[in-house]
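Enquirer: Below you will find the structure I want to go over with you.
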Amino acid sequence: MQQTTEQYSRIISECRDLFSKKLQDYGAAWRVLRPSSITDQIFIKVSRIRTLQMTELQMIDESEESEFIAIVNYSIIALIQLEKGFADQFNENADEILKLYDRFAAEAQQLMEKKNHDYGEAWREMRISSITDLIYQKVLRTKQIEDNAGKTIVSEGLDANYFDMLNYAVFCLIKFSEKPADFN
C-alpha cells in the first residue's frame with residue numbers, strides 16, 4: 001500500500017500542476033458553474049474515454065490520460081463548489097483556491113487509503129475500462145441525485161460520489177503510469 005500512496009501523491013501533484021497553470025491562465029472562471037454543470041463536464045470526459053476505449057478512430061489528439069486528469073480536477077472543483085456555492089463572478093484568490101484543492105485532494109487520499117485497506121487494493125486487478133464504467137455509473141448517480149434536488153433516502157450524497165470519481169480516475173492514471181510506453 002505504500003507504493004499506492006506514493007503513486008497517488010505523484011498523480012495528484014501532476015493534476016494539481018495542470019490545475020494551477022489553468023488557474024493562472026483563466027482564473028477561477030469555473031466558479032460561475034452550478035454543480036450540475038460540473039457533473040456534466042465530468043460526464044463529457046468519461047463519455048469520451050468510453051468512446052476511445054470502444055472505437056479505434058480518434059479524431060482529437062487528446063489522450064485518455066488527459067481526460068482522467070480532467071476528471072480528477074473537475075471532481076475537486078465540484079467539491080469546492082459544494083462547499084462555497086457557485087458565484088456570479090470569479091475574482092477568487094488563487095492561493096485560497098489552491099489550499100482548497102490541497103485539502104480536498106488530501107481528504108480523497110485519506111478515503112482511498114481507508115478503502116484500499118478494506119478492499120485489499122482490488123482495483124489493481126481491474127481493467128481500466130471497468131474502472132471507467134464505475135466512473136460513468138457514479139456520474140449517472142450524481143445526475144440523479146441532482147435531479148432529486150440533492151435528496152437521497154439511503155445513498156451517499158454528492159460529495160461521496162465526487163470523491164469516488166476522483167479516486168477511480170487516479171487509479172486509472174496509476175495503471176497507465178505503470179506502463180511507461182503508454183503514459184503521456
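So you can find residues: chains in the C-alpha cells are A, B, ... in the order shown, residues in each start at 1, and ligands are numbered from 1 in order.
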Would you mind listing what lies within 10 Å of A:Arg16 as JSON, numbers by chain, with only C-alpha atoms counted and same-chain residues fewer than 5 positions away left out?
Expert: {"A": [10, 11, 21, 22, 69, 72, 73, 76, 98, 101, 102, 105]}
Enquirer: Please produce an output containing C-alpha atoms for each residue in the selection, written as a tab-separated table (two decimals), in the first residue's frame.
Expert:
chain	number	residue	atom	x	y	z
A	10	ARG	CA	2.65	11.79	-7.63
A	11	ILE	CA	-0.51	11.67	-9.78
A	21	LYS	CA	-1.43	26.56	-14.60
A	22	LYS	CA	-5.02	26.76	-15.84
A	69	ILE	CA	-6.67	14.20	-15.23
A	72	VAL	CA	-9.66	14.48	-11.08
A	73	ASN	CA	-9.63	18.26	-11.41
A	76	ILE	CA	-12.12	18.72	-6.90
A	98	LEU	CA	-5.12	26.03	-4.22
A	101	TYR	CA	-7.63	21.94	-3.85
A	102	ASP	CA	-4.98	20.57	-1.49
A	105	ALA	CA	-7.03	16.08	-2.54
Enquirer: Tell me which protein, DNA and RNA residues are within 12 Å of stretch 87-93 of chain A, counting only C-alpha atoms, leaving out same-chain ones fewer than 4 positions away, and put them as a PyMOL selection string.
Expert: chain A and resi 23-24+26-35+80-83+97-100
Enquirer: Which residues come within 12 Å of A:Val170, counting only C-alpha atoms, excluding same-chain residues fewer than 3 positions away, as a PyMOL selection string?
Expert: chain A and resi 4-15+65-73+75+105+108-109+112+123-124+128+131-132+135+163-167+173-177
Enquirer: Quick one: residues within 6 Å of stretch 49-54 of chain A, only C-alpha atoms, excluding same-chain residues fewer than 2 positions away - as a list in words?
Expert: Val46, Ser47 and Glu64 of chain A
Enquirer: Would you save the residues of that selection, restricted to all heavy atoms, as a PDB file, in the first residue's frame?
Expert:
ATOM      1  N   VAL A  46     -15.850  11.388 -19.243  1.00  0.00           N
ATOM      2  CA  VAL A  46     -15.913   9.927 -19.120  1.00  0.00           C
ATOM      3  C   VAL A  46     -16.577   9.319 -20.348  1.00  0.00           C
ATOM      4  O   VAL A  46     -16.202   8.217 -20.773  1.00  0.00           O
ATOM      5  CB  VAL A  46     -16.569   9.478 -17.796  1.00  0.00           C
ATOM      6  CG1 VAL A  46     -18.071   9.690 -17.793  1.00  0.00           C
ATOM      7  CG2 VAL A  46     -16.219   8.035 -17.482  1.00  0.00           C
ATOM      8  N   SER A  47     -17.518  10.023 -20.953  1.00  0.00           N
ATOM      9  CA  SER A  47     -18.134   9.527 -22.189  1.00  0.00           C
ATOM     10  C   SER A  47     -17.098   9.453 -23.303  1.00  0.00           C
ATOM     11  O   SER A  47     -17.068   8.487 -24.072  1.00  0.00           O
ATOM     12  CB  SER A  47     -19.290  10.431 -22.617  1.00  0.00           C
ATOM     13  OG  SER A  47     -20.341  10.362 -21.690  1.00  0.00           O
ATOM     14  N   GLU A  64      -6.576   9.426 -23.318  1.00  0.00           N
ATOM     15  CA  GLU A  64      -7.406   9.015 -22.182  1.00  0.00           C
ATOM     16  C   GLU A  64      -6.842   9.598 -20.896  1.00  0.00           C
ATOM     17  O   GLU A  64      -7.585  10.047 -20.020  1.00  0.00           O
ATOM     18  CB  GLU A  64      -7.434   7.489 -22.057  1.00  0.00           C
ATOM     19  CG  GLU A  64      -8.287   6.777 -23.066  1.00  0.00           C
ATOM     20  CD  GLU A  64      -8.289   5.273 -22.845  1.00  0.00           C
ATOM     21  OE1 GLU A  64      -8.524   4.833 -21.698  1.00  0.00           O
ATOM     22  OE2 GLU A  64      -8.048   4.542 -23.821  1.00  0.00           O
TER      23      GLU A  64
END
Enquirer: So which residues touch A:Gly157 within 12 Å, counting only C-alpha atoms, skipping near sequence neighbours fewer than 3 positions away, as a list in words?
Expert: Leu79, Leu82, Lys138, Arg141, Thr142, Lys143, Gln144, Ile145, Glu146, Asn148, Ala149, Gly150, Lys151, Thr152, Ile153, Val154, Ala160, Asn161, Tyr162, Phe163 and Asp164 of chain A
Enquirer: I need the helix (DSSP H, G or I) residues of chain A per DSSP on the backbone, written as JSON, numbers by chain.
Expert: {"A": [2, 3, 4, 5, 6, 7, 8, 9, 10, 11, 12, 13, 14, 15, 16, 17, 18, 19, 20, 21, 22, 23, 24, 25, 26, 29, 30, 31, 32, 35, 36, 37, 38, 39, 40, 41, 42, 43, 44, 45, 46, 47, 48, 49, 50, 51, 52, 53, 54, 64, 65, 66, 67, 68, 69, 70, 71, 72, 73, 74, 75, 76, 77, 78, 79, 80, 81, 82, 83, 84, 94, 95, 96, 97, 98, 99, 100, 101, 102, 103, 104, 105, 106, 107, 108, 109, 110, 111, 112, 113, 114, 115, 116, 117, 118, 119, 122, 123, 124, 125, 128, 129, 130, 131, 132, 133, 134, 135, 136, 137, 138, 139, 140, 141, 142, 143, 144, 145, 146, 147, 158, 159, 160, 161, 162, 163, 164, 165, 166, 167, 168, 169, 170, 171, 172, 173, 174, 175, 176, 177]}
Enquirer: What's the separation between atom CA of A:Thr39 and atom CA of A:Val139, in Å to one decimal place?
Expert: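 These two atoms are separated by 6.7 Å.
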Enquirer: Skip A:Gly120 itself and residues of its chain fewer than 5 positions away, then list as a list of chain:residue names all residues within 10 Å of it, counting only C-alpha atoms.
Expert: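 Everything that qualifies: A:Met1, A:Lys114, A:Lys115.
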Enquirer: What's the separation between atom CA of A:Glu56 and atom CA of A:Ala122, in Å to one decimal place?
Expert: 28.4 Å
